[in-house]
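Only one structure is covered here, and it is reproduced in the block below.
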Amino acid sequence: MASEDITKLAESLAKTKVGGGQLSFKGQSLKLNTAEDAEEVIKQIEEFDGLEALRLEGNTVGVEAAKVIAKALEKKSELKRCHWSDMFTGRLRSEIPPALISLGDALITAGAQLVELDLSDNAFGPDGVRGFEALLKSPACYTLQELKLNNCGMGIGGGKILAAALKECHRKSSAQGKPLALKIFVAGRNRLENDGATALAEAFGIIGTLEEVHMPQNGINHPGITALAQAFAINPLLRVINLNDNTFTEKGAVAMAETLKALRQIEVINFGDCLVRSKGAVAIADAVKEGLHKLKELNLSFCEIKRDAALTVAEAIEDKGELEKLDLNGNCLGEEGCEQLQEILEGFSMAAVLGSLSDDEGEEEEDEEEEEDEDEEGEEEEEEERQQLKERGQGEQESLTPKKIIDSQDSTPVPSPPVDVATFLAFPSPEKLLRLGPKCSVLIAQQTDTSDVEKVVTTLLRISSVFKDEAPVKTAVHETTDALMRKAFTSATFNSDAFITSLLIHMGLLKSEEKIKAVPSLYGILMTLNYMVQQDYFPKSLAPVLSAFVTKPNRALDSCSFARHMLLQTLHQL
């Protein structure tokens with residue numbers, strides 16, 4: 001280690017906060033790669049008597065450094081709180097599991113009894129969960145009260161591994177006469193989807209001691225929401241439920257409303273941006289009216305709730321003396337509906353609890369409402385059909401329509417119609433891409449005019465929109481991206497600067513004089529870009545431009561924080 005680096009490290013460590021049993025290296029941007037890099041950190045740990053909390057957030061710890069830090073922790077039996085969020089910045093995903101295993105083994109060896117474990121904002125994916133799986137099953141976590149895994153990219157696989165580990169921890173700790181009594185669970189922005197949420201719901205139902213559950217932005221639909229609702233019903237101490245930005249629809253909202261009727265300690269309900277719609281809102285209003293006397297916050301913003309349903313919600317809070325905030329912004333009340341809402345609350349002397357209505361969408365016409373109801377019914381029918389097929393062992397069929405369902409009276413499957421490049425690009429889906437066959441990448445590249453930047457951008461966005469972590473789909477997306485973009489970037493007439501500008505506009509990250517609708521989700525294109533920028537055909541001169549725009553605050557990027565983090569991490573390493 002160079003002498004100037006040692007000096008810099010020493011200056012950072014001089015700012016280390018010590019007190020109340022806590023040793024903090026939070027936010028010091030320490031880059032700990034080797035055992036030598038970690039010497040000063042180890043010294044601080046070893047010399048700290050009665051270490052109860054260790055903060056390593058905002059640094060970057062490599063495999064070798066983690067091993068020697070772990071060695072120092074093996075003698076710290078009093079350690080209770082591990083604040084280890086955002087401590088692998090710039091690390092390869094493959095580095096994180098071994099580092100976590102070393103640290104976890106040290107806690108087990110030390111005989112620590114953890115109360116809090118925070119590994120949020122570490123993009124470790126499903127493999128990373130394996131890294132602390134043994135720790136979760138060990139006596140070190142029998143006493144765990146707070147588990148925080150926000151924005152870790154666990155996915156469905158990681159969610160299932162986590163759920164199994166929690167159940168095993170509860171089983172083992174119960175055998176010791178002191179069952180796991182987890183109080184706070186945080187796992188937002190992890191793409192858990194229905195299967196991951198359902199697996200965790202099973203664990204929650206077994207544990208039964210939860211007080212706070214935060215699982216926003218996980219792509220959970222009504223089957224997963226219903227499973228969580230059933231689990232919440234047998235966690236009577238629940239105070240906070242945050243499921244913001246998932247997709248309830250009426251079915252999920254009704255199931256959750258039934259659970260709320262059984263809970264008596266609820267203080268915060270955050271179902272904002274959850275598409276509960278009017279019928280779901282009325283069901284939730286009934287639950288609020290029947291009880292929930294400790295309710296402090298109710299968030300039903302951006303849920304496509306119409307005027308009458310919103311007024312029903314307002315009327316339901318009449319006797320909620322503890323209420324501090326009611327958020328109904330971004331719904332469909334119209335100017336008159338907003339005024340009526342305010343009048344109702346003024347009549348209760350509760351006007352102050354109402355949040356802003358500045359983003360109200362206006363009152364929709366009757367025919368639009370009927371069309372929405374039909375769309376919702378169609379969505380839910382297709383979801384049920386997918387679930388039925390999955391239960392029969394036929395795998396996940398994401399783009400299935402009723403015509404493709406196997407008739408119960410006829411065992412002969414309906415043949416799938418042939419797919420060509422034009423069909424895929426018009427209505428892209430993972431299944432269509434795979435059905436194009438092994439030559440899909442060549443076919444799409446051949447039929448795309450790479451002299452036209454807009455056509456290249458549009459085709460890339462269509463390809464990336466079907467990205468999934470499943471191997472066959474991921475491989476097909478990568479191979480097709482390679483064929484298309486290699487052809488484009490190696491063409492003498494292709495304008496790379498115009499390409500990146502157009503792509504940023506279509507992603508909603510750069511404003512344009514023309515009205516161009518941004519893609520609905522950035523996850524696929526961000527994951528595809530994460531792959532693409534590492535290829536030899538990608539002009540490295542575009543990396544700083546891409547990095548600058550992906551770094552900027554943006555709501556669309558916030559909802560894909562794992563993919564964003566992965567891309568920025570890759571760009572940083574170029």
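Convention: chains lettered A, B, ... in structure tokens order; per-chain residue numbering from 1; ligands numbered from 1 as shown.
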Self-check item: Close residues, Ile525 (chain A) itself excluded, 7 Å, only C-alpha atoms, min 2 positions apart in chain, as number ranges by chain
Solution: A: 461, 464-465, 522-523, 527-529
Given the selection you just returned, output its residues as a file containing N, CA, C and O atoms, formatted as an mmCIF file, in the first residue's frame.
data_model
loop_
_atom_site.group_PDB
_atom_site.id
_atom_site.type_symbol
_atom_site.label_atom_id
_atom_site.label_comp_id
_atom_site.auth_asym_id
_atom_site.auth_seq_id
_atom_site.Cartn_x
_atom_site.Cartn_y
_atom_site.Cartn_z
ATOM 1 N N LEU A 461 -34.955 -1.562 -28.076
ATOM 2 C CA LEU A 461 -35.904 -1.450 -26.966
ATOM 3 C C LEU A 461 -36.914 -2.598 -26.977
ATOM 4 O O LEU A 461 -37.306 -3.091 -25.917
ATOM 5 N N SER A 464 -34.968 -5.715 -25.702
ATOM 6 C CA SER A 464 -34.666 -5.645 -24.267
ATOM 7 C C SER A 464 -35.909 -5.705 -23.394
ATOM 8 O O SER A 464 -35.843 -6.083 -22.226
ATOM 9 N N SER A 465 -37.071 -5.340 -23.967
ATOM 10 C CA SER A 465 -38.305 -5.333 -23.163
ATOM 11 C C SER A 465 -38.705 -6.719 -22.691
ATOM 12 O O SER A 465 -39.459 -6.863 -21.728
ATOM 13 N N LEU A 522 -37.889 0.530 -17.427
ATOM 14 C CA LEU A 522 -36.480 0.627 -17.819
ATOM 15 C C LEU A 522 -35.675 -0.610 -17.425
ATOM 16 O O LEU A 522 -34.490 -0.690 -17.747
ATOM 17 N N TYR A 523 -36.282 -1.551 -16.727
ATOM 18 C CA TYR A 523 -35.519 -2.693 -16.222
ATOM 19 C C TYR A 523 -34.830 -3.453 -17.352
ATOM 20 O O TYR A 523 -33.624 -3.717 -17.295
ATOM 21 N N MET A 527 -30.716 -3.653 -17.949
ATOM 22 C CA MET A 527 -30.005 -4.929 -17.847
ATOM 23 C C MET A 527 -29.310 -5.281 -19.162
ATOM 24 O O MET A 527 -28.207 -5.836 -19.173
ATOM 25 N N THR A 528 -29.955 -4.935 -20.283
ATOM 26 C CA THR A 528 -29.353 -5.201 -21.587
ATOM 27 C C THR A 528 -28.145 -4.297 -21.813
ATOM 28 O O THR A 528 -27.108 -4.736 -22.324
ATOM 29 N N LEU A 529 -28.267 -3.026 -21.412
ATOM 30 C CA LEU A 529 -27.131 -2.104 -21.522
ATOM 31 C C LEU A 529 -25.974 -2.553 -20.644
ATOM 32 O O LEU A 529 -24.803 -2.418 -21.013
#
Quiz item: In Å, how far is it from CA of Thr34 (chain A) to CA of Ile101 (chain A)?
Solution: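 That distance, rounded to one decimal, is 16.7 Å.
CA of Asn331 (chain A) is found 19.8 Å from CA of Met256 (chain A).
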Quiz item: Contacts of Ala255 (chain A) at 10 Å or less, counting only C-alpha atoms, minus same-chain residues fewer than 5 places along, as a PyMOL selection string?
Solution: chain A and resi 222-223+225-230+248+250+260+280+283-284
Just write the chosen residues, all heavy atoms, as a short mmCIF file (atom, residue, chain, number, x, y, z; two decimals), in the first residue's frame.
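Result written to selection.cif:
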data_model
loop_
_atom_site.label_atom_id
_atom_site.label_comp_id
_atom_site.auth_asym_id
_atom_site.auth_seq_id
_atom_site.Cartn_x
_atom_site.Cartn_y
_atom_site.Cartn_z
N HIS A 222 -51.86 -9.85 -7.66
CA HIS A 222 -52.83 -10.24 -6.63
C HIS A 222 -52.61 -11.62 -6.00
O HIS A 222 -52.89 -11.79 -4.80
CB HIS A 222 -54.27 -10.09 -7.15
CG HIS A 222 -54.73 -11.15 -8.08
ND1 HIS A 222 -55.17 -12.39 -7.64
CD2 HIS A 222 -54.86 -11.18 -9.42
CE1 HIS A 222 -55.53 -13.11 -8.68
NE2 HIS A 222 -55.35 -12.42 -9.78
N PRO A 223 -52.08 -12.64 -6.69
CA PRO A 223 -51.84 -13.91 -5.98
C PRO A 223 -50.82 -13.75 -4.85
O PRO A 223 -51.00 -14.29 -3.75
CB PRO A 223 -51.31 -14.84 -7.07
CG PRO A 223 -51.84 -14.26 -8.35
CD PRO A 223 -51.80 -12.79 -8.15
N ILE A 225 -50.06 -10.86 -3.34
CA ILE A 225 -50.65 -9.96 -2.35
C ILE A 225 -51.62 -10.73 -1.44
O ILE A 225 -51.64 -10.54 -0.22
CB ILE A 225 -51.41 -8.80 -3.05
CG1 ILE A 225 -50.43 -7.92 -3.84
CG2 ILE A 225 -52.19 -7.97 -2.04
CD1 ILE A 225 -49.37 -7.23 -3.02
N THR A 226 -52.39 -11.62 -2.04
CA THR A 226 -53.34 -12.43 -1.26
C THR A 226 -52.60 -13.34 -0.28
O THR A 226 -53.01 -13.48 0.89
CB THR A 226 -54.22 -13.27 -2.21
OG1 THR A 226 -54.95 -12.39 -3.07
CG2 THR A 226 -55.20 -14.14 -1.43
N ALA A 227 -51.50 -13.93 -0.72
CA ALA A 227 -50.70 -14.79 0.17
C ALA A 227 -50.14 -13.97 1.33
O ALA A 227 -50.16 -14.41 2.50
CB ALA A 227 -49.56 -15.44 -0.62
N LEU A 228 -49.66 -12.77 1.04
CA LEU A 228 -49.14 -11.90 2.11
C LEU A 228 -50.26 -11.50 3.07
O LEU A 228 -50.06 -11.47 4.29
CB LEU A 228 -48.51 -10.65 1.50
CG LEU A 228 -47.16 -10.85 0.80
CD1 LEU A 228 -46.75 -9.58 0.05
CD2 LEU A 228 -46.07 -11.23 1.80
N ALA A 229 -51.43 -11.19 2.53
CA ALA A 229 -52.57 -10.81 3.37
C ALA A 229 -52.91 -11.92 4.37
O ALA A 229 -53.14 -11.67 5.55
CB ALA A 229 -53.78 -10.49 2.50
N GLN A 230 -52.92 -13.15 3.88
CA GLN A 230 -53.22 -14.29 4.76
C GLN A 230 -52.17 -14.44 5.86
O GLN A 230 -52.49 -14.79 7.00
CB GLN A 230 -53.31 -15.57 3.92
CG GLN A 230 -54.53 -15.58 2.99
CD GLN A 230 -54.46 -16.69 1.94
OE1 GLN A 230 -53.42 -17.33 1.76
NE2 GLN A 230 -55.56 -16.92 1.24
N PHE A 248 -52.11 -4.62 -6.79
CA PHE A 248 -53.14 -5.33 -6.05
C PHE A 248 -54.28 -5.79 -6.95
O PHE A 248 -54.68 -6.94 -6.91
CB PHE A 248 -53.74 -4.43 -4.97
CG PHE A 248 -52.92 -4.26 -3.74
CD1 PHE A 248 -51.55 -4.08 -3.80
CD2 PHE A 248 -53.51 -4.24 -2.49
CE1 PHE A 248 -50.80 -3.89 -2.66
CE2 PHE A 248 -52.77 -4.06 -1.33
CZ PHE A 248 -51.42 -3.88 -1.41
N GLU A 250 -58.43 -5.39 -7.76
CA GLU A 250 -59.52 -5.55 -6.79
C GLU A 250 -59.32 -6.78 -5.90
O GLU A 250 -59.52 -6.74 -4.68
CB GLU A 250 -60.86 -5.65 -7.52
CG GLU A 250 -62.04 -5.82 -6.58
CD GLU A 250 -63.32 -6.15 -7.32
OE1 GLU A 250 -63.38 -5.97 -8.54
OE2 GLU A 250 -64.27 -6.62 -6.65
N LEU A 260 -57.01 -6.53 7.23
CA LEU A 260 -56.98 -5.31 8.05
C LEU A 260 -58.07 -5.33 9.12
O LEU A 260 -57.89 -4.77 10.20
CB LEU A 260 -57.13 -4.08 7.15
CG LEU A 260 -55.95 -3.77 6.22
CD1 LEU A 260 -56.29 -2.60 5.30
CD2 LEU A 260 -54.69 -3.47 7.03
N GLY A 280 -61.50 -1.86 -4.80
CA GLY A 280 -60.53 -2.18 -3.76
C GLY A 280 -60.48 -1.10 -2.70
O GLY A 280 -60.37 -1.39 -1.50
N ALA A 283 -63.40 -1.45 -0.33
CA ALA A 283 -63.16 -2.56 0.60
C ALA A 283 -62.21 -2.13 1.72
O ALA A 283 -62.44 -2.44 2.90
CB ALA A 283 -62.59 -3.76 -0.14
N ILE A 284 -61.16 -1.41 1.36
CA ILE A 284 -60.21 -0.93 2.38
C ILE A 284 -60.88 0.09 3.29
O ILE A 284 -60.66 0.10 4.50
CB ILE A 284 -58.96 -0.34 1.69
CG1 ILE A 284 -58.17 -1.46 1.01
CG2 ILE A 284 -58.08 0.40 2.69
CD1 ILE A 284 -57.07 -0.98 0.08
#
Quiz prompt | Shell around Phe271 (chain A) at 6 Å using only C-alpha atoms, local window under 2 positions removed, as a PyMOL selection string | solution = chain A and resi 243-244+274+299-300
Self-check item: 9 Å contact set for Leu238 (chain A), only C-alpha atoms, chain neighbours under 3 positions out, as a list in words
Solution: Lys183, Thr209, Leu210, Glu211, Glu212, Val213, Phe232, Ala233, Asn235, Ile241, Leu263, Arg264, Gln265, Ile266 and Glu267 of chain A
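Within region 154-243 of chain A, the backbone-based DSSP assignment of strand (DSSP E or B) covers Ile184, Phe185, Val186, Glu212, Val213, His214, Val240, Ile241 and Asn242 of chain A.
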Quiz prompt | Surrounding residues of region 172-182 of chain A excluding itself and chain neighbours under 5 positions, 12 Å, only C-alpha atoms, as JSON, numbers by chain | solution = {"A": [113, 114, 115, 116, 117, 136, 137, 138, 139, 140, 141, 142, 143, 144, 145, 146, 147, 148, 165, 166, 167, 203, 204, 205, 206, 207, 208, 209, 210, 211, 212, 213, 235, 237, 238]}
Please produce a file of the residues just selected, as a CSV table (one decimal), in the first residue's frame, where the atoms kept are N, CA, C and O atoms.
chain,number,residue,atom,x,y,z
A,113,GLN,N,-25.1,-12.9,19.2
A,113,GLN,CA,-26.6,-13.0,19.2
A,113,GLN,C,-27.1,-11.7,18.6
A,113,GLN,O,-27.4,-10.7,19.3
A,114,LEU,N,-27.4,-11.7,17.3
A,114,LEU,CA,-27.7,-10.5,16.6
A,114,LEU,C,-29.2,-10.1,16.9
A,114,LEU,O,-30.1,-10.9,17.0
A,115,VAL,N,-29.3,-8.8,16.9
A,115,VAL,CA,-30.7,-8.2,17.0
A,115,VAL,C,-31.0,-7.5,15.7
A,115,VAL,O,-32.2,-7.6,15.3
A,116,GLU,N,-30.0,-7.0,14.9
A,116,GLU,CA,-30.3,-6.3,13.7
A,116,GLU,C,-29.2,-6.7,12.6
A,116,GLU,O,-28.0,-6.7,12.9
A,117,LEU,N,-29.7,-7.0,11.4
A,117,LEU,CA,-28.8,-7.3,10.3
A,117,LEU,C,-29.3,-6.5,9.1
A,117,LEU,O,-30.4,-6.7,8.6
A,136,LEU,N,-28.2,-17.0,8.8
A,136,LEU,CA,-29.6,-16.9,9.2
A,136,LEU,C,-30.1,-18.1,9.9
A,136,LEU,O,-31.0,-18.1,10.7
A,137,LYS,N,-29.5,-19.3,9.5
A,137,LYS,CA,-30.0,-20.5,10.1
A,137,LYS,C,-29.3,-20.8,11.4
A,137,LYS,O,-29.7,-21.8,12.1
A,138,SER,N,-28.3,-20.1,11.8
A,138,SER,CA,-27.4,-20.3,12.9
A,138,SER,C,-28.0,-19.7,14.2
A,138,SER,O,-28.8,-18.8,14.2
A,139,PRO,N,-27.5,-20.2,15.4
A,139,PRO,CA,-27.9,-19.6,16.6
A,139,PRO,C,-27.6,-18.1,16.7
A,139,PRO,O,-28.3,-17.4,17.5
A,140,ALA,N,-26.7,-17.5,15.9
A,140,ALA,CA,-26.4,-16.1,15.9
A,140,ALA,C,-27.6,-15.3,15.5
A,140,ALA,O,-27.7,-14.1,15.9
A,141,CYS,N,-28.6,-15.9,14.8
A,141,CYS,CA,-29.8,-15.2,14.4
A,141,CYS,C,-31.1,-15.6,15.1
A,141,CYS,O,-32.2,-15.2,14.7
A,142,TYR,N,-31.0,-16.5,16.1
A,142,TYR,CA,-32.1,-16.9,16.8
A,142,TYR,C,-32.8,-15.7,17.5
A,142,TYR,O,-34.0,-15.7,17.8
A,143,THR,N,-32.0,-14.7,17.8
A,143,THR,CA,-32.4,-13.5,18.5
A,143,THR,C,-32.8,-12.3,17.6
A,143,THR,O,-33.1,-11.2,18.0
A,144,LEU,N,-32.7,-12.5,16.3
A,144,LEU,CA,-32.8,-11.5,15.3
A,144,LEU,C,-34.2,-10.8,15.4
A,144,LEU,O,-35.3,-11.5,15.4
A,145,GLN,N,-34.2,-9.5,15.4
A,145,GLN,CA,-35.5,-8.7,15.5
A,145,GLN,C,-35.7,-7.9,14.2
A,145,GLN,O,-36.8,-7.6,13.9
A,146,GLU,N,-34.6,-7.4,13.6
A,146,GLU,CA,-34.7,-6.6,12.4
A,146,GLU,C,-33.8,-7.1,11.3
A,146,GLU,O,-32.6,-7.3,11.4
A,147,LEU,N,-34.5,-7.4,10.1
A,147,LEU,CA,-33.8,-7.9,9.0
A,147,LEU,C,-34.1,-6.9,7.8
A,147,LEU,O,-35.2,-6.8,7.4
A,148,LYS,N,-33.0,-6.3,7.3
A,148,LYS,CA,-33.2,-5.3,6.3
A,148,LYS,C,-32.4,-5.6,5.0
A,148,LYS,O,-31.2,-5.7,5.1
A,165,ALA,N,-34.6,-20.1,4.7
A,165,ALA,CA,-33.7,-19.9,5.8
A,165,ALA,C,-34.4,-19.4,7.1
A,165,ALA,O,-34.1,-19.8,8.2
A,166,LEU,N,-35.4,-18.5,6.9
A,166,LEU,CA,-36.1,-18.0,8.0
A,166,LEU,C,-36.9,-19.1,8.7
A,166,LEU,O,-37.0,-19.1,9.9
A,167,LYS,N,-37.5,-19.9,7.9
A,167,LYS,CA,-38.3,-21.0,8.5
A,167,LYS,C,-37.4,-22.0,9.2
A,167,LYS,O,-37.8,-22.5,10.3
A,203,ALA,N,-43.3,-18.0,5.4
A,203,ALA,CA,-42.3,-17.8,6.5
A,203,ALA,C,-43.0,-16.9,7.5
A,203,ALA,O,-42.9,-17.1,8.8
A,204,PHE,N,-43.6,-15.8,7.0
A,204,PHE,CA,-44.2,-14.8,7.9
A,204,PHE,C,-45.3,-15.5,8.8
A,204,PHE,O,-45.5,-15.2,10.0
A,205,GLY,N,-46.1,-16.3,8.1
A,205,GLY,CA,-47.2,-17.0,8.8
A,205,GLY,C,-46.7,-17.9,10.0
A,205,GLY,O,-47.3,-18.0,11.0
A,206,ILE,N,-45.5,-18.5,9.8
A,206,ILE,CA,-44.9,-19.3,10.8
A,206,ILE,C,-44.3,-18.5,12.0
A,206,ILE,O,-44.4,-18.8,13.1
A,207,ILE,N,-43.7,-17.3,11.6
A,207,ILE,CA,-43.0,-16.5,12.6
A,207,ILE,C,-44.0,-15.8,13.5
A,207,ILE,O,-44.0,-15.9,14.7
A,208,GLY,N,-45.0,-15.1,12.9
A,208,GLY,CA,-46.1,-14.5,13.7
A,208,GLY,C,-45.9,-13.4,14.6
A,208,GLY,O,-46.8,-13.0,15.3
A,209,THR,N,-44.7,-12.8,14.6
A,209,THR,CA,-44.3,-11.7,15.5
A,209,THR,C,-44.0,-10.4,14.8
A,209,THR,O,-43.6,-9.4,15.4
A,210,LEU,N,-44.3,-10.3,13.5
A,210,LEU,CA,-43.9,-9.1,12.8
A,210,LEU,C,-44.7,-7.9,13.2
A,210,LEU,O,-45.9,-7.9,13.5
A,211,GLU,N,-44.0,-6.7,13.2
A,211,GLU,CA,-44.5,-5.4,13.6
A,211,GLU,C,-44.5,-4.5,12.4
A,211,GLU,O,-45.3,-3.6,12.2
A,212,GLU,N,-43.5,-4.6,11.5
A,212,GLU,CA,-43.3,-3.8,10.3
A,212,GLU,C,-42.9,-4.7,9.1
A,212,GLU,O,-42.0,-5.5,9.3
A,213,VAL,N,-43.6,-4.5,8.0
A,213,VAL,CA,-43.2,-5.2,6.8
A,213,VAL,C,-43.1,-4.1,5.7
A,213,VAL,O,-44.1,-3.4,5.4
A,235,ASN,N,-50.2,-12.3,12.2
A,235,ASN,CA,-49.2,-11.4,12.8
A,235,ASN,C,-49.9,-10.3,13.5
A,235,ASN,O,-49.9,-9.1,13.0
A,237,LEU,N,-49.4,-8.2,15.8
A,237,LEU,CA,-48.7,-7.0,16.3
A,237,LEU,C,-48.3,-6.1,15.2
A,237,LEU,O,-47.7,-5.1,15.4
A,238,LEU,N,-48.7,-6.4,13.9
A,238,LEU,CA,-48.4,-5.5,12.8
A,238,LEU,C,-48.8,-4.1,13.0
A,238,LEU,O,-50.0,-3.8,13.2
Self-check item: Close residues, Asn190 (chain A) itself excluded, 7 Å, only C-alpha atoms, min 2 positions apart in chain, as a list in words
Solution: Asn151, Cys152, Gly153, Met154, Gly155, Ala187, Gly188, Leu192 and Asn218 of chain A
Exercise. Pick out the closest residue to Ser429 (chain A) from this set: A:Ala492, A:Gly524, A:Asp86, A:Arg91. Count only C-alpha atoms.
Key: A:Gly524
Exercise. In Å, rounded to a single decimal, give me how far CA of His83 (chain A) is from CA of Gly50 (chain A).
Key: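 The value is 16.5 Å.
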Quiz item: Just asking: which residues within region 43-180 of chain A are helix (DSSP H, G or I) according to DSSP, as JSON, numbers by chain?
Solution: {"A": [43, 44, 45, 46, 47, 63, 64, 65, 66, 67, 68, 69, 70, 71, 72, 73, 93, 94, 95, 96, 97, 98, 99, 100, 101, 102, 103, 104, 105, 106, 107, 108, 109, 110, 125, 126, 127, 128, 129, 130, 131, 132, 133, 134, 135, 136, 137, 139, 140, 141, 155, 156, 157, 158, 159, 160, 161, 162, 163, 164, 165, 166, 167, 168, 169, 170, 171, 172, 173, 174, 175]}
Quiz item: So, counting only C-alpha atoms, which residue among A:His293, A:Arg564, A:Lys325, A:His214 is closest to Thr551 (chain A)?
Solution: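 Checking each of A:His293, A:Arg564, A:Lys325, A:His214 against Thr551 (chain A), counting only C-alpha atoms, the winner is A:Arg564.
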Exercise. Name the closest residue to Gly219 (chain A) among the candidates A:Ser521, A:Thr481, A:Thr423, A:Gln342; distances are taken between atoms, counting only C-alpha atoms.
Key: A:Ser521
Quiz item: Which of these, A:Pro553, A:Pro544, A:Gly337, A:Gly330, has the shortest distance to Leu509 (chain A) once you count only C-alpha atoms?
Solution: A:Pro553
